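Okay, target.txt is below, compact mmCIF, N, CA and C atoms:
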# COMPACT_ATOMS: atom_id res chain seq x y z
N MET A 1 -15.81 -7.93 5.70
CA MET A 1 -15.07 -7.76 4.47
C MET A 1 -15.82 -8.48 3.36
N THR A 2 -15.85 -7.85 2.21
CA THR A 2 -16.54 -8.42 1.07
C THR A 2 -15.61 -8.44 -0.13
N PHE A 3 -15.55 -9.57 -0.81
CA PHE A 3 -14.76 -9.68 -2.03
C PHE A 3 -15.68 -10.14 -3.15
N THR A 4 -15.76 -9.35 -4.20
CA THR A 4 -16.56 -9.71 -5.36
C THR A 4 -15.64 -9.92 -6.54
N GLY A 5 -16.10 -10.69 -7.49
CA GLY A 5 -15.25 -10.97 -8.63
C GLY A 5 -16.02 -10.99 -9.92
N THR A 6 -15.26 -11.16 -10.94
CA THR A 6 -15.83 -11.25 -12.26
C THR A 6 -16.56 -12.57 -12.42
N ASP A 7 -17.63 -12.58 -13.16
CA ASP A 7 -18.33 -13.84 -13.43
C ASP A 7 -17.87 -14.46 -14.74
N ALA A 8 -16.81 -13.91 -15.33
CA ALA A 8 -16.30 -14.42 -16.60
C ALA A 8 -15.25 -15.50 -16.44
N CYS A 9 -14.99 -15.95 -15.22
CA CYS A 9 -13.92 -16.92 -14.97
C CYS A 9 -14.38 -18.37 -15.04
N GLY A 10 -15.66 -18.61 -14.92
CA GLY A 10 -16.18 -19.95 -14.71
C GLY A 10 -15.86 -20.99 -15.75
N ASN A 11 -15.61 -20.61 -16.98
CA ASN A 11 -15.35 -21.59 -18.03
C ASN A 11 -13.90 -22.03 -18.09
N SER A 12 -13.04 -21.40 -17.35
CA SER A 12 -11.62 -21.72 -17.41
C SER A 12 -11.09 -22.04 -16.01
N PRO A 13 -10.65 -23.28 -15.79
CA PRO A 13 -10.08 -23.62 -14.48
C PRO A 13 -8.89 -22.74 -14.11
N LYS A 14 -8.08 -22.35 -15.10
CA LYS A 14 -6.94 -21.48 -14.82
C LYS A 14 -7.41 -20.10 -14.35
N ASN A 15 -8.42 -19.56 -15.01
CA ASN A 15 -8.95 -18.26 -14.60
C ASN A 15 -9.52 -18.33 -13.18
N VAL A 16 -10.20 -19.42 -12.88
CA VAL A 16 -10.76 -19.61 -11.54
C VAL A 16 -9.62 -19.68 -10.51
N PHE A 17 -8.53 -20.35 -10.86
CA PHE A 17 -7.37 -20.45 -9.97
C PHE A 17 -6.85 -19.05 -9.65
N VAL A 18 -6.72 -18.21 -10.67
CA VAL A 18 -6.23 -16.84 -10.49
C VAL A 18 -7.21 -16.04 -9.62
N ALA A 19 -8.49 -16.15 -9.89
CA ALA A 19 -9.50 -15.44 -9.10
C ALA A 19 -9.47 -15.90 -7.65
N THR A 20 -9.29 -17.18 -7.42
CA THR A 20 -9.20 -17.71 -6.06
C THR A 20 -7.96 -17.19 -5.36
N PHE A 21 -6.85 -17.11 -6.08
CA PHE A 21 -5.62 -16.54 -5.51
C PHE A 21 -5.88 -15.10 -5.04
N GLU A 22 -6.54 -14.32 -5.88
CA GLU A 22 -6.82 -12.92 -5.53
C GLU A 22 -7.72 -12.82 -4.30
N GLU A 23 -8.69 -13.69 -4.20
CA GLU A 23 -9.57 -13.69 -3.03
C GLU A 23 -8.78 -14.10 -1.77
N ASN A 24 -7.93 -15.12 -1.90
CA ASN A 24 -7.10 -15.55 -0.77
C ASN A 24 -6.15 -14.44 -0.33
N LEU A 25 -5.62 -13.70 -1.30
CA LEU A 25 -4.74 -12.58 -0.98
C LEU A 25 -5.51 -11.49 -0.24
N PHE A 26 -6.68 -11.13 -0.74
CA PHE A 26 -7.53 -10.13 -0.09
C PHE A 26 -7.85 -10.52 1.35
N ASN A 27 -8.15 -11.79 1.55
CA ASN A 27 -8.52 -12.28 2.88
C ASN A 27 -7.32 -12.57 3.78
N GLY A 28 -6.11 -12.51 3.23
CA GLY A 28 -4.92 -12.80 4.02
C GLY A 28 -4.85 -14.24 4.49
N ASP A 29 -5.27 -15.17 3.64
CA ASP A 29 -5.33 -16.58 3.99
C ASP A 29 -3.98 -17.26 3.76
N ARG A 30 -3.15 -17.29 4.80
CA ARG A 30 -1.79 -17.83 4.70
C ARG A 30 -1.78 -19.27 4.19
N GLU A 31 -2.62 -20.11 4.75
CA GLU A 31 -2.63 -21.53 4.39
C GLU A 31 -2.95 -21.72 2.90
N ALA A 32 -3.98 -21.03 2.43
CA ALA A 32 -4.36 -21.15 1.02
C ALA A 32 -3.27 -20.61 0.10
N LEU A 33 -2.66 -19.48 0.48
CA LEU A 33 -1.58 -18.92 -0.35
C LEU A 33 -0.39 -19.87 -0.41
N ASN A 34 -0.06 -20.50 0.71
CA ASN A 34 1.04 -21.48 0.73
C ASN A 34 0.82 -22.60 -0.28
N GLU A 35 -0.42 -23.00 -0.46
CA GLU A 35 -0.73 -24.08 -1.39
C GLU A 35 -0.66 -23.64 -2.85
N MET A 36 -0.68 -22.34 -3.10
CA MET A 36 -0.72 -21.83 -4.46
C MET A 36 0.64 -21.33 -4.95
N ILE A 37 1.62 -21.29 -4.06
CA ILE A 37 2.94 -20.73 -4.35
C ILE A 37 3.98 -21.85 -4.42
N ALA A 38 4.79 -21.84 -5.48
CA ALA A 38 5.85 -22.85 -5.63
C ALA A 38 6.96 -22.60 -4.61
N ASP A 39 7.70 -23.67 -4.27
CA ASP A 39 8.80 -23.57 -3.31
C ASP A 39 9.80 -22.48 -3.69
N ASP A 40 10.09 -22.36 -4.99
CA ASP A 40 11.11 -21.41 -5.46
C ASP A 40 10.52 -20.18 -6.15
N CYS A 41 9.30 -19.85 -5.80
CA CYS A 41 8.61 -18.71 -6.41
C CYS A 41 9.39 -17.41 -6.20
N VAL A 42 9.31 -16.53 -7.20
CA VAL A 42 9.91 -15.20 -7.12
C VAL A 42 8.79 -14.18 -7.21
N LEU A 43 8.75 -13.28 -6.24
CA LEU A 43 7.78 -12.19 -6.21
C LEU A 43 8.52 -10.88 -6.43
N GLN A 44 8.03 -10.10 -7.38
CA GLN A 44 8.56 -8.75 -7.61
C GLN A 44 7.44 -7.76 -7.35
N ILE A 45 7.69 -6.83 -6.44
CA ILE A 45 6.73 -5.76 -6.17
C ILE A 45 7.33 -4.50 -6.77
N VAL A 46 6.68 -3.98 -7.80
CA VAL A 46 7.19 -2.82 -8.52
C VAL A 46 6.59 -1.55 -7.91
N HIS A 47 7.46 -0.73 -7.35
CA HIS A 47 7.08 0.55 -6.77
C HIS A 47 7.59 1.66 -7.69
N PRO A 48 7.07 2.86 -7.57
CA PRO A 48 7.62 3.97 -8.36
C PRO A 48 9.12 4.17 -8.14
N SER A 49 9.61 3.79 -6.96
CA SER A 49 11.02 4.00 -6.63
C SER A 49 11.92 2.81 -6.97
N GLY A 50 11.36 1.69 -7.39
CA GLY A 50 12.18 0.53 -7.71
C GLY A 50 11.43 -0.78 -7.53
N VAL A 51 12.18 -1.88 -7.60
CA VAL A 51 11.59 -3.21 -7.51
C VAL A 51 12.08 -3.90 -6.25
N GLU A 52 11.13 -4.43 -5.50
CA GLU A 52 11.40 -5.19 -4.28
C GLU A 52 11.22 -6.67 -4.65
N THR A 53 12.23 -7.51 -4.40
CA THR A 53 12.17 -8.92 -4.81
C THR A 53 12.21 -9.84 -3.59
N HIS A 54 11.36 -10.86 -3.61
CA HIS A 54 11.30 -11.88 -2.56
C HIS A 54 11.38 -13.24 -3.25
N THR A 55 12.15 -14.16 -2.68
CA THR A 55 12.34 -15.47 -3.30
C THR A 55 12.06 -16.57 -2.29
N GLY A 56 11.35 -17.60 -2.75
CA GLY A 56 11.01 -18.73 -1.90
C GLY A 56 9.62 -18.58 -1.32
N ARG A 57 8.92 -19.71 -1.17
CA ARG A 57 7.53 -19.70 -0.73
C ARG A 57 7.32 -18.89 0.55
N GLU A 58 8.12 -19.14 1.56
CA GLU A 58 7.91 -18.48 2.84
C GLU A 58 8.04 -16.96 2.72
N ALA A 59 9.09 -16.49 2.04
CA ALA A 59 9.31 -15.05 1.88
C ALA A 59 8.22 -14.42 1.02
N VAL A 60 7.80 -15.13 -0.02
CA VAL A 60 6.77 -14.61 -0.92
C VAL A 60 5.44 -14.48 -0.18
N VAL A 61 5.04 -15.52 0.53
CA VAL A 61 3.77 -15.49 1.25
C VAL A 61 3.80 -14.39 2.31
N GLU A 62 4.92 -14.25 3.00
CA GLU A 62 5.03 -13.20 4.02
C GLU A 62 4.86 -11.81 3.39
N ALA A 63 5.50 -11.58 2.25
CA ALA A 63 5.37 -10.28 1.57
C ALA A 63 3.95 -10.07 1.07
N LEU A 64 3.32 -11.11 0.56
CA LEU A 64 1.92 -11.00 0.12
C LEU A 64 1.00 -10.66 1.28
N LEU A 65 1.24 -11.28 2.43
CA LEU A 65 0.40 -11.02 3.60
C LEU A 65 0.56 -9.57 4.08
N LYS A 66 1.74 -9.01 3.93
CA LYS A 66 1.94 -7.60 4.29
C LYS A 66 1.09 -6.70 3.40
N LEU A 67 0.96 -7.08 2.12
CA LEU A 67 0.14 -6.31 1.20
C LEU A 67 -1.33 -6.34 1.60
N SER A 68 -1.76 -7.47 2.11
CA SER A 68 -3.18 -7.63 2.45
C SER A 68 -3.49 -7.25 3.89
N SER A 69 -2.49 -6.77 4.64
CA SER A 69 -2.70 -6.49 6.06
C SER A 69 -3.41 -5.17 6.32
N HIS A 70 -3.64 -4.38 5.30
CA HIS A 70 -4.36 -3.12 5.49
C HIS A 70 -5.83 -3.42 5.76
N SER A 71 -6.52 -2.50 6.35
CA SER A 71 -7.93 -2.72 6.70
C SER A 71 -8.81 -2.48 5.47
N HIS A 72 -9.03 -3.53 4.70
CA HIS A 72 -9.87 -3.45 3.52
C HIS A 72 -11.27 -3.93 3.84
N GLU A 73 -12.24 -3.17 3.44
CA GLU A 73 -13.62 -3.58 3.62
C GLU A 73 -14.16 -4.27 2.38
N VAL A 74 -13.73 -3.80 1.22
CA VAL A 74 -14.27 -4.30 -0.03
C VAL A 74 -13.13 -4.58 -0.99
N GLY A 75 -13.23 -5.69 -1.70
CA GLY A 75 -12.31 -6.00 -2.78
C GLY A 75 -13.11 -6.39 -4.00
N HIS A 76 -12.64 -5.98 -5.17
CA HIS A 76 -13.34 -6.35 -6.40
C HIS A 76 -12.32 -6.75 -7.46
N LEU A 77 -12.50 -7.91 -8.00
CA LEU A 77 -11.67 -8.43 -9.08
C LEU A 77 -12.37 -8.12 -10.39
N GLU A 78 -11.78 -7.23 -11.19
CA GLU A 78 -12.39 -6.86 -12.46
C GLU A 78 -12.16 -7.92 -13.53
N ALA A 79 -10.98 -8.54 -13.51
CA ALA A 79 -10.68 -9.57 -14.52
C ALA A 79 -9.59 -10.50 -14.03
N ALA A 80 -9.67 -11.74 -14.47
CA ALA A 80 -8.64 -12.75 -14.26
C ALA A 80 -8.52 -13.49 -15.57
N ILE A 81 -7.38 -13.36 -16.23
CA ILE A 81 -7.21 -13.98 -17.54
C ILE A 81 -5.93 -14.80 -17.57
N THR A 82 -5.92 -15.81 -18.41
CA THR A 82 -4.73 -16.66 -18.56
C THR A 82 -4.52 -17.00 -20.03
N HIS A 83 -3.26 -17.30 -20.32
CA HIS A 83 -2.89 -17.80 -21.64
C HIS A 83 -1.62 -18.62 -21.46
N GLY A 84 -1.69 -19.91 -21.71
CA GLY A 84 -0.53 -20.76 -21.48
C GLY A 84 -0.15 -20.73 -20.01
N LYS A 85 1.11 -20.40 -19.73
CA LYS A 85 1.59 -20.31 -18.35
C LYS A 85 1.41 -18.91 -17.76
N ALA A 86 0.99 -17.95 -18.55
CA ALA A 86 0.86 -16.57 -18.08
C ALA A 86 -0.55 -16.27 -17.58
N ALA A 87 -0.62 -15.37 -16.61
CA ALA A 87 -1.91 -14.97 -16.05
C ALA A 87 -1.83 -13.50 -15.63
N ALA A 88 -2.98 -12.87 -15.58
CA ALA A 88 -3.06 -11.49 -15.10
C ALA A 88 -4.38 -11.28 -14.40
N ALA A 89 -4.37 -10.37 -13.44
CA ALA A 89 -5.59 -10.02 -12.71
C ALA A 89 -5.50 -8.56 -12.32
N TRP A 90 -6.65 -7.91 -12.30
CA TRP A 90 -6.68 -6.52 -11.84
C TRP A 90 -8.02 -6.21 -11.23
N GLY A 91 -8.02 -5.17 -10.41
CA GLY A 91 -9.22 -4.76 -9.71
C GLY A 91 -8.87 -3.72 -8.68
N TYR A 92 -9.58 -3.71 -7.56
CA TYR A 92 -9.28 -2.74 -6.51
C TYR A 92 -9.65 -3.28 -5.15
N TRP A 93 -9.01 -2.70 -4.14
CA TRP A 93 -9.34 -2.92 -2.74
C TRP A 93 -9.75 -1.57 -2.19
N GLN A 94 -10.81 -1.55 -1.41
CA GLN A 94 -11.28 -0.30 -0.82
C GLN A 94 -11.21 -0.42 0.69
N ALA A 95 -10.52 0.52 1.32
CA ALA A 95 -10.35 0.52 2.77
C ALA A 95 -11.47 1.32 3.42
N GLU A 96 -11.49 1.27 4.73
CA GLU A 96 -12.43 2.11 5.47
C GLU A 96 -12.17 3.56 5.10
N ALA A 97 -13.17 4.39 5.21
CA ALA A 97 -13.03 5.81 4.87
C ALA A 97 -11.87 6.42 5.66
N GLU A 98 -11.02 7.13 4.94
CA GLU A 98 -9.88 7.77 5.57
C GLU A 98 -10.05 9.28 5.50
N ALA A 99 -9.37 9.99 6.36
CA ALA A 99 -9.52 11.44 6.45
C ALA A 99 -9.21 12.13 5.12
N ASP A 100 -8.20 11.64 4.40
CA ASP A 100 -7.83 12.30 3.14
C ASP A 100 -8.64 11.79 1.95
N GLY A 101 -9.57 10.87 2.19
CA GLY A 101 -10.44 10.37 1.12
C GLY A 101 -9.76 9.38 0.18
N ASP A 102 -8.50 9.05 0.44
CA ASP A 102 -7.76 8.14 -0.43
C ASP A 102 -7.92 6.72 0.08
N ASN A 103 -9.07 6.10 -0.21
CA ASN A 103 -9.33 4.77 0.34
C ASN A 103 -9.47 3.69 -0.72
N LEU A 104 -9.14 4.00 -1.97
CA LEU A 104 -9.25 3.03 -3.06
C LEU A 104 -7.86 2.72 -3.60
N ARG A 105 -7.50 1.43 -3.60
CA ARG A 105 -6.19 0.99 -4.12
C ARG A 105 -6.42 0.04 -5.28
N HIS A 106 -6.05 0.47 -6.46
CA HIS A 106 -6.15 -0.38 -7.64
C HIS A 106 -4.95 -1.32 -7.65
N PHE A 107 -5.15 -2.54 -8.18
CA PHE A 107 -4.04 -3.47 -8.29
C PHE A 107 -3.98 -4.07 -9.68
N SER A 108 -2.77 -4.44 -10.06
CA SER A 108 -2.52 -5.15 -11.30
C SER A 108 -1.44 -6.19 -11.01
N HIS A 109 -1.79 -7.45 -11.18
CA HIS A 109 -0.87 -8.55 -10.88
C HIS A 109 -0.66 -9.39 -12.13
N THR A 110 0.58 -9.76 -12.38
CA THR A 110 0.88 -10.74 -13.42
C THR A 110 1.53 -11.94 -12.76
N MET A 111 1.19 -13.11 -13.24
CA MET A 111 1.69 -14.34 -12.64
C MET A 111 2.08 -15.32 -13.75
N TRP A 112 2.98 -16.22 -13.40
CA TRP A 112 3.36 -17.30 -14.31
C TRP A 112 3.26 -18.61 -13.54
N PHE A 113 2.55 -19.56 -14.13
CA PHE A 113 2.42 -20.88 -13.53
C PHE A 113 3.72 -21.66 -13.75
N THR A 114 3.97 -22.63 -12.90
CA THR A 114 5.15 -23.48 -13.06
C THR A 114 4.95 -24.49 -14.18
N THR A 115 3.68 -24.88 -14.43
CA THR A 115 3.36 -25.81 -15.51
C THR A 115 2.07 -25.34 -16.17
N HIS A 116 1.72 -25.95 -17.28
CA HIS A 116 0.47 -25.62 -17.96
C HIS A 116 -0.76 -26.11 -17.19
N LYS A 117 -0.57 -26.95 -16.18
CA LYS A 117 -1.70 -27.45 -15.38
C LYS A 117 -2.20 -26.42 -14.37
N ALA A 118 -1.45 -25.35 -14.18
CA ALA A 118 -1.88 -24.25 -13.31
C ALA A 118 -2.16 -24.69 -11.87
N GLN A 119 -1.17 -25.36 -11.27
CA GLN A 119 -1.34 -25.81 -9.90
C GLN A 119 -0.64 -24.92 -8.89
N GLU A 120 0.32 -24.11 -9.35
CA GLU A 120 1.01 -23.18 -8.47
C GLU A 120 1.73 -22.12 -9.29
N PHE A 121 2.00 -20.99 -8.63
CA PHE A 121 2.69 -19.90 -9.30
C PHE A 121 4.19 -19.99 -9.04
N GLY A 122 4.97 -19.79 -10.09
CA GLY A 122 6.43 -19.77 -9.99
C GLY A 122 6.99 -18.37 -9.99
N GLN A 123 6.19 -17.40 -10.49
CA GLN A 123 6.62 -16.01 -10.50
C GLN A 123 5.38 -15.13 -10.41
N ILE A 124 5.50 -14.05 -9.64
CA ILE A 124 4.41 -13.09 -9.48
C ILE A 124 5.01 -11.69 -9.56
N ARG A 125 4.37 -10.80 -10.28
CA ARG A 125 4.78 -9.40 -10.34
C ARG A 125 3.58 -8.53 -9.96
N ILE A 126 3.77 -7.69 -8.97
CA ILE A 126 2.70 -6.82 -8.47
C ILE A 126 3.12 -5.37 -8.69
N PHE A 127 2.21 -4.61 -9.26
CA PHE A 127 2.49 -3.20 -9.50
C PHE A 127 1.79 -2.36 -8.44
N GLN A 128 2.59 -1.61 -7.66
CA GLN A 128 2.09 -0.78 -6.58
C GLN A 128 2.26 0.69 -6.96
N VAL A 129 1.24 1.45 -6.79
CA VAL A 129 1.33 2.89 -7.06
C VAL A 129 1.24 3.64 -5.76

Encoded form using structure tokens:
Amino acid sequence: MTFTGTDACGNSPKNVFVATFEENLFNGDREALNEMIADDCVLQIVHPSGVETHTGREAVVEALLKLSSHSHEVGHLEAAITHGKAAAAWGYWQAEAEADGDNLRHFSHTMWFTTHKAQEFGQIRIFQV
């Protein structure tokens, strides 16, 4: 598995934190995700059919790991940006070649830090298509 990212994050510790979160999510790293998620974090996964909500570190990490459990060979982070407590990241995950040719999944994540120090996320919203 290969994860590549934007080289525009290096000047901002917050941007690096977001990029690291995305890499940990791609790799399904439970321990690292646990360290980045607040105890009372709220995760919203927005689907075309509605919003799925998970609350609390354990439930959020479990739901995140389900997202990363697909067989992805390549992940690419196009951007990780922050402003104050808000953050956003987008890119794609590419799975092994599938019969229908649909092996590219674009992602768009918005996050909010619990403090301006950017030590953990208190809210995450993931858009799934």

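CA of Val74 in chain A is positioned 5.1 Å from CA of Gln94 in chain A.
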
Give as a PyMOL selection string each residue that has an atom at most 8 Å from (10.7, -17.3, -13.9) in the file, counting all atoms listed in the file. chain A and resi 41-42+112+122-124

Would you compute the distance between atom C of Phe121 in chain A and CA of Glu52 in chain A? Give it in Å to one decimal. 17.1 Å

What does the distance between CA of Glu35 in chain A and CA of Phe21 in chain A come to in Å, to one decimal place?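 Here the two named atoms are 9.9 Å from each other.
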
Residue among A:Thr20, A:Phe107, A:Glu73, A:Gly91 lying closest to Ala32 in chain A, counting only N, CA and C atoms: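 For Ala32 in chain A, the nearest of the given residues is A:Thr20.
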
Give me every strand (DSSP E or B) residue in range 17-110 of chain A, going by DSSP on the backbone, as a ChimeraX atom specification. /A:37-47,50-55,72-83,86-95,104-110

Please provide as a count of residues only all residues within 6.5 Å of Ala80 in chain A, with the sequence filter that same-chain residues fewer than 4 positions apart are discarded (counting all atoms listed in the file). 7

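Within 9 Å of His47 in chain A, once only C-alpha atoms are used and residues closer than 4 positions along the same chain are dropped, the contacting residues are Val51, Glu52, Ile126, Phe127, Gln128 and Val129 of chain A.
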